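Below is one structure, written out as structure tokens, with a few remarks after it.
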Amino acid sequence: STDPLVTDVAIVGAGPTALFAAFECSMLKLRCVLVDALAEIGGQCAALYPEKPIYDIPAHPAITGGDLIAALDQQIAPFAIPRLLGQRVETLTGHRGAFALGTSAGTQIRAAAVIIAAGAGAFGPNRPPLDGLDGFEASGAVQYYVRRRTDFAGRRIVIAGGGDSALDWALALKDIAAKIWLVHRRPRFRGAPETLSQIDAACARGEIEKVTPFQLARLHGTDGALSGVELATLEGETRVLDADCLLPFFGLSTDLGPIAGWGLDTHRNTIPVTPSTCESSTPGLFAIGDVATYPGKLKLILQGFSEGAMAAHAIHPIVHPDTALHFEYSTSKGVPGSDH
Ligand code: FAD
């Protein structure tokens with residue numbers, strides 16, 4: 001497609017350790033880019049527990065996952081680091097000094113070094129096990145994220161799932177859609193009391209129709225055009241909803257998928273590294289955070305921060321072979337925009 005994005009360090013992932021590694025790289029004047037499968041930065045902290053307090057981040061007696069990510073975001077803001085979000089890194093080839101990465105969105109990246117900060121793997125939606133699903137996903141008849149609410153104007157939508165995402169999107173789309181069915185395999189939905197009462201009120205007004213306890217059974221239609229969603233109960237009772245759009249909200253799961261195919265040494269979904277540098281057995285390729293392993297490894301955010309600093313220092317000679325790196329404190333360097 002377009003020209004490759006050329007940088008010094010490609011960082012796979014945009015979780016907490018990737019964000020801090022980007023800071024450390026920037027302080028050493030290494031250019032970097034962040035790539036994440038999720039549409040937002042923050043990895044597990046943002047996707048799994050934004051409201052939960054973390055108690056073991058140094059100098060923060062308690063900070064929520066969401067606030068930690070906001071603070072890391074603010075810390076790297078002065079460096080204006082490019083972020084490629086909503087795209088998974090699928091391919092990695094090359095060698096120390098010249099790596100090439102390709103993403104699911106078709107972006108090509110050239111980098112002298114790579115830091116893999118992939119956690120437990122790329123986050124993606126849990127997909128329902130339905131025949132022919134791929135074709136309906138490709139046409140947009142089945143979607144897992146609502147990118148633009150207006151895309152759903154006048155649509156006949158099945159929203160599947162029993163949790164907050166399903167409920168919140170049913171409420172957000174009810175005024176714009178032609179019809180909304182809310183399908184769950186259990187009779188009861190799990191959500192905030194206020195949300196549940198808003199759903200009941202919308203059902204009473206005929207804006208949303210609850211269909212329970214039903215599971216998705218089959219998709220009707222051809223060439224990616226959806227004409228109906230067939231549901232079934234555990235007892236085998238079936239029902240077909242004449243929907244043209246399906247939004248399943250069955251949560252997120254992680255998939256180390258592509259990384260396992262990059263020819264790296266992996267051990268139980270982790271990448272063994274040299275602890276003092278975080279370099280893997282492939283020269284120029286580093287791993288930090290939950291995905292990295294070595295004897296005594298602690299899967300903690302604070303450990304990942306330190307690994308990012310070590311990796312950045314170890315990468316410096318790859319990018320700047322002729323410039324000796326003199327160790328300096330941040331207090332003597334400052335960051336762009338600070339008055340030092
Ligand atoms: P992650 O946060 O997992 O981020 C990895 C990112 O990489 C993901 O966003 C993923 O989508 C992306 N990615 C992976 N593969 C690809 C690819 N091929 N292409 C593009 N993107 C990719 N830790 C603590 O220190 N203290 C705590 O109190 C604590 N509490 C926790 C509570 C809960 C409920 C959970 C689930 C975890 C907790 N943790 C805690 C663990 C902590 O969240 C992890 O150690 C931390 O998130 C690891 O950060 P990371 O950057 O290595 O990976």
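Labels used: A, B, ... for chains in the order of the structure tokens, numbers from 1 for residues in each chain, and numbers from 1 for ligands as shown.
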Could you give me, as a Markdown table, every chain A residue with an atom at most 6 Å from ligand 1, plus its closest atom pair and distance in Å to one decimal, counting only C-alpha atoms and all ligand atoms, rows ordered by chain then number?
```
| residue | atom | partner | partner_atom_place_in_ligand_line | distance |
| --- | --- | --- | --- | --- |
| A:Val12 | CA | ligand 1 | 21 (N) | 5.5 |
| A:Gly13 | CA | ligand 1 | 7 (O) | 3.3 |
| A:Ala14 | CA | ligand 1 | 6 (C) | 5.2 |
| A:Gly15 | CA | ligand 1 | 51 (O) | 3.6 |
| A:Pro16 | CA | ligand 1 | 51 (O) | 4.3 |
| A:Thr17 | CA | ligand 1 | 51 (O) | 3.9 |
| A:Ala18 | CA | ligand 1 | 51 (O) | 5.2 |
| A:Val35 | CA | ligand 1 | 20 (C) | 5.4 |
| A:Asp36 | CA | ligand 1 | 21 (N) | 3.5 |
| A:Ala37 | CA | ligand 1 | 21 (N) | 4.1 |
| A:Leu38 | CA | ligand 1 | 11 (O) | 5.2 |
| A:Gly43 | CA | ligand 1 | 9 (O) | 3.3 |
| A:Gln44 | CA | ligand 1 | 2 (O) | 3.9 |
| A:Cys45 | CA | ligand 1 | 43 (O) | 5.2 |
| A:Leu48 | CA | ligand 1 | 36 (C) | 5.8 |
| A:Tyr49 | CA | ligand 1 | 34 (C) | 5.5 |
| A:Ile54 | CA | ligand 1 | 28 (O) | 4.2 |
| A:Tyr55 | CA | ligand 1 | 28 (O) | 5.7 |
| A:Asp56 | CA | ligand 1 | 26 (N) | 5.6 |
| A:Gln87 | CA | ligand 1 | 20 (C) | 6.0 |
| A:Arg88 | CA | ligand 1 | 19 (N) | 3.5 |
| A:Val89 | CA | ligand 1 | 19 (N) | 3.8 |
| A:Glu90 | CA | ligand 1 | 18 (N) | 5.9 |
| A:Ala117 | CA | ligand 1 | 52 (O) | 5.1 |
| A:Ala118 | CA | ligand 1 | 7 (O) | 3.6 |
| A:Gly119 | CA | ligand 1 | 3 (O) | 3.3 |
| A:Ala120 | CA | ligand 1 | 3 (O) | 5.3 |
| A:Gly121 | CA | ligand 1 | 14 (C) | 3.8 |
| A:Ala122 | CA | ligand 1 | 14 (C) | 3.2 |
| A:Phe123 | CA | ligand 1 | 11 (O) | 3.9 |
| A:Leu256 | CA | ligand 1 | 15 (N) | 6.0 |
| A:Pro258 | CA | ligand 1 | 18 (N) | 5.9 |
| A:Ile259 | CA | ligand 1 | 18 (N) | 5.9 |
| A:Gly289 | CA | ligand 1 | 52 (O) | 3.4 |
| A:Asp290 | CA | ligand 1 | 52 (O) | 4.1 |
| A:Lys299 | CA | ligand 1 | 45 (O) | 5.1 |
| A:Leu300 | CA | ligand 1 | 25 (O) | 3.5 |
| A:Ile301 | CA | ligand 1 | 25 (O) | 3.8 |
| A:Leu302 | CA | ligand 1 | 25 (O) | 5.9 |
```
Go ahead and write the residues just picked, N, CA and C atoms, as a short mmCIF file (atom, residue, chain, number, x, y, z; two decimals), in the first residue's frame.
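Okay, this is what ended up in out.cif:
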```cif
data_model
loop_
_atom_site.label_atom_id
_atom_site.label_comp_id
_atom_site.auth_asym_id
_atom_site.auth_seq_id
_atom_site.Cartn_x
_atom_site.Cartn_y
_atom_site.Cartn_z
N VAL A 12 5.70 -3.47 20.03
CA VAL A 12 4.48 -4.27 19.81
C VAL A 12 3.70 -4.31 21.11
N GLY A 13 2.53 -3.65 21.12
CA GLY A 13 1.73 -3.52 22.33
C GLY A 13 1.72 -2.07 22.77
N ALA A 14 0.67 -1.68 23.48
CA ALA A 14 0.59 -0.33 24.06
C ALA A 14 0.02 -0.43 25.47
N GLY A 15 0.41 -1.51 26.15
CA GLY A 15 0.05 -1.67 27.57
C GLY A 15 0.97 -0.80 28.42
N PRO A 16 0.87 -0.92 29.76
CA PRO A 16 1.67 -0.04 30.62
C PRO A 16 3.17 -0.14 30.36
N THR A 17 3.68 -1.35 30.14
CA THR A 17 5.13 -1.46 29.98
C THR A 17 5.57 -0.90 28.63
N ALA A 18 4.77 -1.07 27.61
CA ALA A 18 5.09 -0.49 26.30
C ALA A 18 5.13 1.03 26.39
N VAL A 35 2.22 0.00 18.63
CA VAL A 35 1.17 -0.67 17.84
C VAL A 35 0.33 -1.53 18.78
N ASP A 36 -0.98 -1.42 18.72
CA ASP A 36 -1.81 -2.31 19.55
C ASP A 36 -3.05 -2.76 18.81
N ALA A 37 -3.43 -4.00 19.07
CA ALA A 37 -4.64 -4.58 18.48
C ALA A 37 -5.89 -3.87 18.98
N LEU A 38 -5.83 -3.38 20.21
CA LEU A 38 -6.98 -2.68 20.78
C LEU A 38 -7.07 -1.27 20.20
N GLY A 43 -3.49 -1.67 27.48
CA GLY A 43 -3.41 -3.12 27.70
C GLY A 43 -4.42 -3.59 28.73
N GLN A 44 -3.99 -4.51 29.58
CA GLN A 44 -4.89 -5.10 30.57
C GLN A 44 -5.50 -4.04 31.50
N CYS A 45 -4.71 -3.03 31.87
CA CYS A 45 -5.21 -2.01 32.82
C CYS A 45 -6.45 -1.32 32.27
N LEU A 48 -9.25 -4.49 31.09
CA LEU A 48 -9.79 -5.44 32.06
C LEU A 48 -10.15 -4.83 33.41
N TYR A 49 -9.41 -3.77 33.84
CA TYR A 49 -9.72 -3.27 35.18
C TYR A 49 -9.50 -1.76 35.35
N ILE A 54 -4.82 -0.18 41.96
CA ILE A 54 -3.58 -0.96 42.04
C ILE A 54 -2.82 -0.37 43.23
N TYR A 55 -2.24 -1.23 44.07
CA TYR A 55 -1.60 -0.74 45.30
C TYR A 55 -0.09 -0.85 45.28
N ASP A 56 0.48 -1.42 44.21
CA ASP A 56 1.93 -1.63 44.25
C ASP A 56 2.66 -0.93 43.11
N GLN A 87 -4.90 -2.31 15.33
CA GLN A 87 -4.26 -3.19 14.35
C GLN A 87 -3.26 -4.10 15.02
N ARG A 88 -3.31 -5.35 14.60
CA ARG A 88 -2.47 -6.37 15.18
C ARG A 88 -1.21 -6.49 14.35
N VAL A 89 -0.06 -6.63 15.00
CA VAL A 89 1.16 -6.92 14.24
C VAL A 89 1.10 -8.39 13.85
N GLU A 90 1.09 -8.64 12.55
CA GLU A 90 0.91 -10.01 12.05
C GLU A 90 2.23 -10.63 11.63
N ALA A 117 6.08 -6.07 23.73
CA ALA A 117 5.46 -5.84 25.04
C ALA A 117 4.01 -6.29 24.92
N ALA A 118 3.86 -7.54 24.54
CA ALA A 118 2.56 -8.05 24.09
C ALA A 118 1.72 -8.68 25.19
N GLY A 119 2.18 -8.63 26.44
CA GLY A 119 1.38 -9.19 27.53
C GLY A 119 1.06 -10.65 27.29
N ALA A 120 -0.22 -11.00 27.38
CA ALA A 120 -0.64 -12.38 27.14
C ALA A 120 -1.03 -12.57 25.69
N GLY A 121 -0.79 -11.55 24.86
CA GLY A 121 -1.15 -11.63 23.45
C GLY A 121 -2.10 -10.52 23.08
N ALA A 122 -2.42 -10.48 21.79
CA ALA A 122 -3.28 -9.41 21.29
C ALA A 122 -4.70 -9.58 21.81
N PHE A 123 -5.27 -8.48 22.29
CA PHE A 123 -6.66 -8.52 22.72
C PHE A 123 -7.56 -8.52 21.49
N LEU A 256 -1.81 -14.99 21.60
CA LEU A 256 -0.40 -14.75 21.27
C LEU A 256 -0.16 -15.04 19.79
N PRO A 258 -0.05 -14.56 16.30
CA PRO A 258 0.99 -14.30 15.31
C PRO A 258 2.40 -14.39 15.90
N ILE A 259 2.58 -13.95 17.14
CA ILE A 259 3.93 -13.90 17.72
C ILE A 259 4.55 -15.29 17.77
N GLY A 289 7.82 -6.88 30.06
CA GLY A 289 6.47 -7.02 30.63
C GLY A 289 6.05 -8.47 30.74
N ASP A 290 4.75 -8.70 30.76
CA ASP A 290 4.23 -10.04 31.03
C ASP A 290 4.71 -11.09 30.04
N LYS A 299 5.63 -11.08 37.33
CA LYS A 299 4.72 -10.47 36.36
C LYS A 299 4.01 -9.29 37.02
N LEU A 300 4.77 -8.21 37.22
CA LEU A 300 4.22 -7.01 37.84
C LEU A 300 4.54 -5.82 36.96
N ILE A 301 3.68 -4.81 37.04
CA ILE A 301 3.86 -3.62 36.22
C ILE A 301 5.21 -2.95 36.54
N LEU A 302 5.55 -2.88 37.83
CA LEU A 302 6.79 -2.18 38.20
C LEU A 302 8.00 -2.88 37.59
#
```
- Query: Got a sec: who's within 7 Å of stretch 213-224 of chain A, counting only C-alpha atoms, leaving out chain neighbours fewer than 6 positions off, as a list of chain:residue names?
  - Reply: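 The contact residues come out as A:Leu130, A:Asp131, A:Gly135, A:Phe136, A:Ser139, A:Ala141, A:Val183, A:His184, A:Arg185, A:Arg186, A:Pro187, A:Glu230, A:Leu231, A:Ala232, A:Thr233.
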- Any chance you could list, as a PyMOL selection string, the residues in stretch 218-290 of chain A that come up strand (DSSP E or B) when DSSP is run on the backbone? chain A and resi 218-222+225-232+238-241+245-248+252-255+267+270-272+279+285-287
Please dump the current selection as an mmCIF file, in the first residue's frame; keep N, CA and C atoms.
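Output below, filename out15.cif:
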```cif
data_model
loop_
_atom_site.group_PDB
_atom_site.id
_atom_site.type_symbol
_atom_site.label_atom_id
_atom_site.label_comp_id
_atom_site.auth_asym_id
_atom_site.auth_seq_id
_atom_site.Cartn_x
_atom_site.Cartn_y
_atom_site.Cartn_z
ATOM 1 N N ARG A 218 -27.443 -19.692 14.218
ATOM 2 C CA ARG A 218 -27.087 -19.719 12.796
ATOM 3 C C ARG A 218 -27.329 -18.343 12.185
ATOM 4 N N LEU A 219 -26.532 -18.030 11.168
ATOM 5 C CA LEU A 219 -26.728 -16.771 10.447
ATOM 6 C C LEU A 219 -27.347 -17.085 9.095
ATOM 7 N N HIS A 220 -28.397 -16.343 8.718
ATOM 8 C CA HIS A 220 -29.032 -16.525 7.420
ATOM 9 C C HIS A 220 -28.598 -15.401 6.496
ATOM 10 N N GLY A 221 -28.434 -15.735 5.212
ATOM 11 C CA GLY A 221 -28.067 -14.700 4.251
ATOM 12 C C GLY A 221 -26.991 -15.215 3.317
ATOM 13 N N THR A 222 -26.728 -14.425 2.272
ATOM 14 C CA THR A 222 -25.701 -14.833 1.313
ATOM 15 C C THR A 222 -24.773 -13.665 1.011
ATOM 16 N N ALA A 225 -24.442 -10.542 3.138
ATOM 17 C CA ALA A 225 -25.641 -9.775 3.496
ATOM 18 C C ALA A 225 -26.476 -10.612 4.457
ATOM 19 N N LEU A 226 -26.686 -10.078 5.645
ATOM 20 C CA LEU A 226 -27.401 -10.826 6.678
ATOM 21 C C LEU A 226 -28.904 -10.612 6.507
ATOM 22 N N SER A 227 -29.671 -11.725 6.501
ATOM 23 C CA SER A 227 -31.129 -11.577 6.387
ATOM 24 C C SER A 227 -31.838 -12.047 7.643
ATOM 25 N N GLY A 228 -31.124 -12.781 8.506
ATOM 26 C CA GLY A 228 -31.771 -13.228 9.735
ATOM 27 C C GLY A 228 -30.780 -13.867 10.678
ATOM 28 N N VAL A 229 -31.100 -13.796 11.978
ATOM 29 C CA VAL A 229 -30.270 -14.442 12.999
ATOM 30 C C VAL A 229 -31.132 -15.497 13.667
ATOM 31 N N GLU A 230 -30.693 -16.742 13.544
ATOM 32 C CA GLU A 230 -31.460 -17.844 14.143
ATOM 33 C C GLU A 230 -30.958 -18.104 15.553
ATOM 34 N N LEU A 231 -31.909 -18.216 16.476
ATOM 35 C CA LEU A 231 -31.582 -18.442 17.884
ATOM 36 C C LEU A 231 -32.110 -19.800 18.305
ATOM 37 N N ALA A 232 -31.545 -20.364 19.362
ATOM 38 C CA ALA A 232 -32.059 -21.624 19.892
ATOM 39 C C ALA A 232 -31.949 -21.626 21.405
ATOM 40 N N THR A 238 -36.393 -22.983 18.505
ATOM 41 C CA THR A 238 -35.678 -22.009 17.682
ATOM 42 C C THR A 238 -36.566 -20.819 17.346
ATOM 43 N N ARG A 239 -35.908 -19.736 16.941
ATOM 44 C CA ARG A 239 -36.614 -18.521 16.570
ATOM 45 C C ARG A 239 -35.694 -17.757 15.616
ATOM 46 N N VAL A 240 -36.251 -17.165 14.559
ATOM 47 C CA VAL A 240 -35.422 -16.405 13.619
ATOM 48 C C VAL A 240 -35.811 -14.925 13.700
ATOM 49 N N LEU A 241 -34.835 -14.075 13.956
ATOM 50 C CA LEU A 241 -35.068 -12.626 14.003
ATOM 51 C C LEU A 241 -34.636 -12.056 12.662
ATOM 52 N N CYS A 245 -28.096 -7.022 11.037
ATOM 53 C CA CYS A 245 -26.853 -6.658 11.707
ATOM 54 C C CYS A 245 -26.774 -7.379 13.052
ATOM 55 N N LEU A 246 -25.579 -7.890 13.375
ATOM 56 C CA LEU A 246 -25.381 -8.585 14.653
ATOM 57 C C LEU A 246 -24.183 -7.985 15.381
ATOM 58 N N LEU A 247 -24.409 -7.601 16.643
ATOM 59 C CA LEU A 247 -23.317 -7.094 17.475
ATOM 60 C C LEU A 247 -23.150 -8.028 18.678
ATOM 61 N N PRO A 248 -22.199 -8.974 18.620
ATOM 62 C CA PRO A 248 -21.973 -9.838 19.782
ATOM 63 C C PRO A 248 -21.035 -9.154 20.784
ATOM 64 N N LEU A 252 -13.532 -10.010 25.898
ATOM 65 C CA LEU A 252 -12.259 -10.011 25.175
ATOM 66 C C LEU A 252 -11.458 -11.244 25.553
ATOM 67 N N SER A 253 -10.653 -11.722 24.632
ATOM 68 C CA SER A 253 -9.678 -12.739 25.016
ATOM 69 C C SER A 253 -8.351 -12.381 24.358
ATOM 70 N N THR A 254 -7.293 -13.016 24.820
ATOM 71 C CA THR A 254 -5.977 -12.702 24.259
ATOM 72 C C THR A 254 -5.485 -13.852 23.400
ATOM 73 N N ASP A 255 -4.671 -13.512 22.430
ATOM 74 C CA ASP A 255 -4.177 -14.503 21.492
ATOM 75 C C ASP A 255 -2.725 -14.163 21.148
ATOM 76 N N HIS A 267 8.377 -20.043 25.265
ATOM 77 C CA HIS A 267 8.244 -21.067 26.288
ATOM 78 C C HIS A 267 6.955 -20.769 27.027
ATOM 79 N N THR A 270 5.557 -17.397 26.616
ATOM 80 C CA THR A 270 6.424 -16.286 27.009
ATOM 81 C C THR A 270 7.714 -16.363 26.194
ATOM 82 N N ILE A 271 8.442 -15.244 26.195
ATOM 83 C CA ILE A 271 9.681 -15.169 25.425
ATOM 84 C C ILE A 271 10.847 -15.079 26.411
ATOM 85 N N PRO A 272 11.721 -16.084 26.432
ATOM 86 C CA PRO A 272 12.871 -16.013 27.333
ATOM 87 C C PRO A 272 13.835 -14.893 26.900
ATOM 88 N N GLU A 279 16.973 -8.706 25.936
ATOM 89 C CA GLU A 279 17.105 -9.169 24.560
ATOM 90 C C GLU A 279 16.766 -10.662 24.490
ATOM 91 N N LEU A 285 15.952 -8.093 18.969
ATOM 92 C CA LEU A 285 14.546 -8.289 19.312
ATOM 93 C C LEU A 285 14.428 -8.463 20.827
ATOM 94 N N PHE A 286 13.710 -7.555 21.448
ATOM 95 C CA PHE A 286 13.630 -7.497 22.903
ATOM 96 C C PHE A 286 12.215 -7.824 23.350
ATOM 97 N N ALA A 287 12.059 -8.309 24.581
ATOM 98 C CA ALA A 287 10.720 -8.549 25.123
ATOM 99 C C ALA A 287 10.683 -8.046 26.556
#
```
- Query: Hey, what does DSSP flag as helix (DSSP H, G or I) within stretch 154-247 of chain A? Can you give it to me as a list in words?
  - Reply: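 Taking stretch 154-247 of chain A and keeping helix (DSSP H, G or I) gives Asp164, Ser165, Ala166, Leu167, Asp168, Trp169, Ala170, Leu171, Ala172, Leu173, Pro193, Glu194, Thr195, Leu196, Ser197, Gln198, Ile199, Asp200, Ala201, Ala202, Cys203 and Ala204 of chain A.
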- Item | Residues within 12 Å of A:Ala77, only C-alpha atoms, excluding chain neighbours under 6 positions, as a ChimeraX atom specification | /A:19-20,22-23,26,70-71,83,335-338
Kindly save the residues from that selection, with C-alpha atoms included, as a compact mmCIF listing (two decimals), in the first residue's frame.
```txt
# COMPACT_ATOMS: atom_id res chain seq x y z
CA LEU A 19 4.08 3.08 27.19
CA PHE A 20 6.93 3.46 29.68
CA ALA A 22 8.37 4.46 24.74
CA PHE A 23 9.27 7.12 27.33
CA SER A 26 12.43 8.87 23.73
CA ALA A 70 -3.73 8.35 31.79
CA ALA A 71 -0.59 9.31 33.73
CA ARG A 83 0.34 5.12 17.76
CA VAL A 335 11.96 16.43 28.86
CA PRO A 336 10.75 18.59 25.97
CA GLY A 337 8.52 21.38 27.21
CA SER A 338 9.84 21.26 30.78
```
- Message: Show me, as a VMD selection string, the residues that have an atom within 12 Å of A:Phe99 when counting only C-alpha atoms, minus same-chain residues fewer than 4 positions from it.
- Response: chain A and resid 4 to 11 91 to 95 108 to 115 262 282 to 285 318
- Message: Can you tell me which residues surround A:Ala39 at a distance of at most 9 Å, considering only C-alpha atoms, apart from same-chain residues fewer than 5 positions away, and format the answer as a list of chain:residue names?
- Response: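 These residues fall inside the cut-off: A:Leu84, A:Leu85, A:Gly86, A:Gln87.
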